[in-house]
Amino acid sequence: MAILIKNATTVLTMDTTLSEWTDTDIRIEDGVVTEIGTGLTGVDQTIDAKGCVVTPGLVNTHHHLYQTLTRAVPDGQDALLFGWLQTLYPIWSRFGPEEMFISAQIGLAELALSGCTLTSDHLYLYPNGARLDDTIAAAHEIGMRFHPTRGAMSIGESDGGLPPDSLVEAEAAILEDCIRVIDAHHDASEGSMVRVGIAPCSPFSVSRDLMRDAALLARDKGVMLHTHLAENDEDIAYSLEKFGCRPGQYAEDLGWTGPDVWHAHCVKLDGQEIDLFAKSSTGVAHCPCSNCRLGSGIAPVRAMRDAGVPVGLGVDGSASNDAGNLISEARQAMLLQRVANGANAMSAREALFIATRGGAEVLGRPDCGQIAVGKRADIAIWDTTGVQSAGSWDPAALLLAGPTRVKHLLVEGRPVVQDGQVTTIDLPRVIERQNQLAQALMV
């Protein structure tokens with residue numbers, strides 16, 4: 001099927017030359033951009049983009065989709081990271097397959113409405129028969145390009161860890177299930193809709209042996225590695241006390257650096273760790289709203305980018321962000337770097353690059369994150385004729401003047417959002433069921 005995006009007022013390509021086009025058409029065939037120009041014809045479907053800014057679909061490099069069932073839990077609203085986790089672990093232990101599926105659908109729909117076409121997910125607890133397959137099924141229904149990661153926790157409270165013993169797994173069983181989900185779902189081909197990663201939760205919830213074995217398994221299987229790292233001061237203190245080194249050194253010692261690795265947060269990386277990540281092409285998922293919400297700090301994104309560290313954006317879980325709007329996350333990233341380094345520290349276009357092509361590079365997806373001939377047709381169309389953009393001198397400055405909700409969204413050339421509404425699932429019904437499940441958890 002051939003689709004034509006017609007008369008786009010502005011196209012921000014994020015291609016190799018960062019080209020920007022005006023009054024432009026984009027032809028899509030079989031999920032791929034095949035032509036960019038003017039006066040294009042001969043298609044099956046036309047999308048009128050007059051008055052719109054067209055961008056690559058945004059890429060989310062860190063999420064915990066299951067947490068959409070536990071937004072704004074009162075006892076966790078003002079807690080630091082470790083206390084926040086201890087508040088929520090007992091609630092999460094009551095989840096099962098339906099909670100995982102429904103919460104993933106809600107989180108994915110929210111991302112889609114904010115312009116996201118490709119998202120990772122870090123699922124590291126599997127209570128009551130839940131499996132990674134539950135979230136993969138949700139992504140398939142909604143039509144999102146998905147990079148789920150098989151997370152894990154193996155050190156419970158009785159062994160000095162944070163999570164309750166009911167949420168940890170035996171390490172042999174963790175590795176066995178990693179193999180199962182990779183064999184069942186991972187697709188390494190260009191244009192793949194599902195790629196699976198391996199993602200022990202954090203250095204304080206798994207053993208050194210599991211971190212090392214996970215890295216060996218991932219490289220044997222040709223999949224990527226992901227975990228939390230250097231999120232806050234507590235994280236650094238734990239690493240120094242338990243491992244005798246900073247988190248970056250710990251990661252390197254266990255094989256957790258390289259272009260097939262990306263770490264979430266990295267708020268507290270020092271100069272040596274930034275240089276290490278740059279030299280090894282180790283990626284970072286920057287989660288500015290969550291870092292603010294938990295009081296973790298401002299990640300040194302300017303220093304990372306200047307050093308050559310691959311950086312993408314993540315909304316993080318909805319229990320630590322309480323929202324999953326990726327275009328708003330990009331704005332927050334831009335503003336925080338200005339707070340830390342001055343008003344000229346990060347432009348709106350650079351922040352948008354991080355949110356699109358930057359994230360695609362972190363996830364090892366050179367086929368995504370840009371609008372160019374031969375690249376996947378993951379495209380966001382933003383209506384700039386509304387009140388949020390009224391009076392804007394630069395229609396391409398989405399992060400300064402809005403909008404914050406996409407008009408149309410294509411994933412692999414297929415519509416997921418049309419006229420501001422998710423069309424692939426019955427979203428009102430899913431919201432109703434989500435609310436029912438949340439109410440049951442409050443009892």
# chains A, B, ... in the order shown; residues from 1 in each chain; ligands from 1

$ closest_atom_pairs --of "region 7-55 of chain A" --to "region 394-400 of chain A" --cutoff "12 Å" --atoms "only C-alpha atoms" --output "CSV"
residue,atom,partner,partner_atom,distance
A:Ala8,CA,A:Pro395,CA,11.5
A:Thr9,CA,A:Pro395,CA,8.6
A:Thr10,CA,A:Ala396,CA,6.9
A:Val11,CA,A:Ala396,CA,8.2
A:Leu12,CA,A:Ala396,CA,7.3
A:Thr13,CA,A:Ala396,CA,11.1
A:Glu20,CA,A:Ala396,CA,9.1
A:Trp21,CA,A:Ala396,CA,10.4
A:Thr22,CA,A:Ala396,CA,10.4
A:Gly51,CA,A:Pro395,CA,9.1
A:Cys52,CA,A:Pro395,CA,8.4
A:Val53,CA,A:Ala396,CA,6.5
A:Val54,CA,A:Ala396,CA,8.8
A:Thr55,CA,A:Ala396,CA,9.2

$ select_by_dssp --residues "region 187-243 of chain A" --states "alpha helix (DSSP H)" --output "PyMOL selection string"
chain A and resi 208-221+233-243

$ closest_atom_pairs --of "region 105-221 of chain A" --to "region 346-358 of chain A" --cutoff "12 Å" --atoms "only C-alpha atoms" --output "Markdown table"
| residue | atom | partner | partner_atom | distance |
| --- | --- | --- | --- | --- |
| A:Ser114 | CA | A:Ala355 | CA | 11.5 |
| A:Gly115 | CA | A:Thr356 | CA | 10.0 |
| A:Cys116 | CA | A:Thr356 | CA | 8.8 |
| A:Thr117 | CA | A:Thr356 | CA | 9.5 |
| A:Leu118 | CA | A:Thr356 | CA | 9.3 |
| A:Thr119 | CA | A:Thr356 | CA | 11.0 |

$ closest_residue --among "A:Asn7, A:Thr17, A:Thr61, A:Ser318" --to "Thr41 (chain A)" --atoms "only C-alpha atoms"
A:Asn7

$ closest_residue --among "A:Glu29, A:Asp270, A:Asp15, A:Asp275" --to "Gly308 (chain A)" --atoms "only C-alpha atoms"
A:Asp275

$ atom_distance --atom1 "CA of Leu294 (chain A)" --atom2 "CA of His63 (chain A)"
15.3 Å

$ residues_around --residues "Leu269 (chain A)" --least-positions-apart "2" --cutoff "9 Å" --atoms "only C-alpha atoms" --output "ChimeraX atom specification"
/A:229-231,246-248,266-267,271-274,299-300

$ write_last_selection --atoms "N, CA, C and O atoms" --output "short mmCIF file (atom, residue, chain, number, x, y, z; two decimals), in the first residue's frame"
data_model
loop_
_atom_site.label_atom_id
_atom_site.label_comp_id
_atom_site.auth_asym_id
_atom_site.auth_seq_id
_atom_site.Cartn_x
_atom_site.Cartn_y
_atom_site.Cartn_z
N LEU A 229 21.65 2.72 36.20
CA LEU A 229 23.01 2.98 36.66
C LEU A 229 23.15 4.42 37.13
O LEU A 229 22.64 5.34 36.47
N ALA A 230 23.84 4.61 38.24
CA ALA A 230 24.24 5.93 38.74
C ALA A 230 23.06 6.90 38.77
O ALA A 230 23.17 8.05 38.35
N GLU A 231 21.94 6.44 39.33
CA GLU A 231 20.71 7.23 39.27
C GLU A 231 20.72 8.38 40.27
O GLU A 231 20.21 9.47 39.98
N ARG A 246 33.09 3.06 41.65
CA ARG A 246 31.93 3.79 41.13
C ARG A 246 31.16 2.92 40.14
O ARG A 246 31.71 1.93 39.60
N PRO A 247 29.91 3.27 39.85
CA PRO A 247 29.09 2.44 38.96
C PRO A 247 29.69 2.23 37.57
O PRO A 247 29.56 1.13 37.01
N GLY A 248 30.29 3.25 37.00
CA GLY A 248 30.87 3.09 35.67
C GLY A 248 31.96 2.04 35.63
O GLY A 248 32.04 1.23 34.70
N CYS A 266 21.93 7.61 34.72
CA CYS A 266 23.32 8.10 34.68
C CYS A 266 23.42 9.55 35.14
O CYS A 266 24.25 10.33 34.63
N VAL A 267 22.61 9.90 36.11
CA VAL A 267 22.58 11.27 36.64
C VAL A 267 23.91 11.64 37.28
O VAL A 267 24.35 12.80 37.19
N GLY A 271 33.37 12.68 35.26
CA GLY A 271 34.07 12.91 34.00
C GLY A 271 34.73 11.65 33.45
O GLY A 271 34.69 11.40 32.23
N GLN A 272 35.33 10.85 34.31
CA GLN A 272 35.98 9.63 33.85
C GLN A 272 34.96 8.63 33.30
O GLN A 272 35.21 7.97 32.28
N GLU A 273 33.82 8.55 33.96
CA GLU A 273 32.78 7.63 33.48
C GLU A 273 32.20 8.11 32.14
O GLU A 273 31.91 7.29 31.26
N ILE A 274 32.03 9.39 31.99
CA ILE A 274 31.56 9.94 30.71
C ILE A 274 32.56 9.61 29.60
O ILE A 274 32.17 9.18 28.51
N ALA A 299 21.03 15.16 35.05
CA ALA A 299 22.07 14.38 34.37
C ALA A 299 22.95 15.30 33.52
O ALA A 299 22.46 16.26 32.92
N PRO A 300 24.25 15.00 33.44
CA PRO A 300 25.18 15.85 32.68
C PRO A 300 25.09 15.59 31.18
O PRO A 300 26.07 15.20 30.53
#

$ closest_residue --among "A:Thr70, A:Thr149, A:Asn232, A:Ser320" --to "Ala199 (chain A)" --atoms "only C-alpha atoms"
A:Thr149
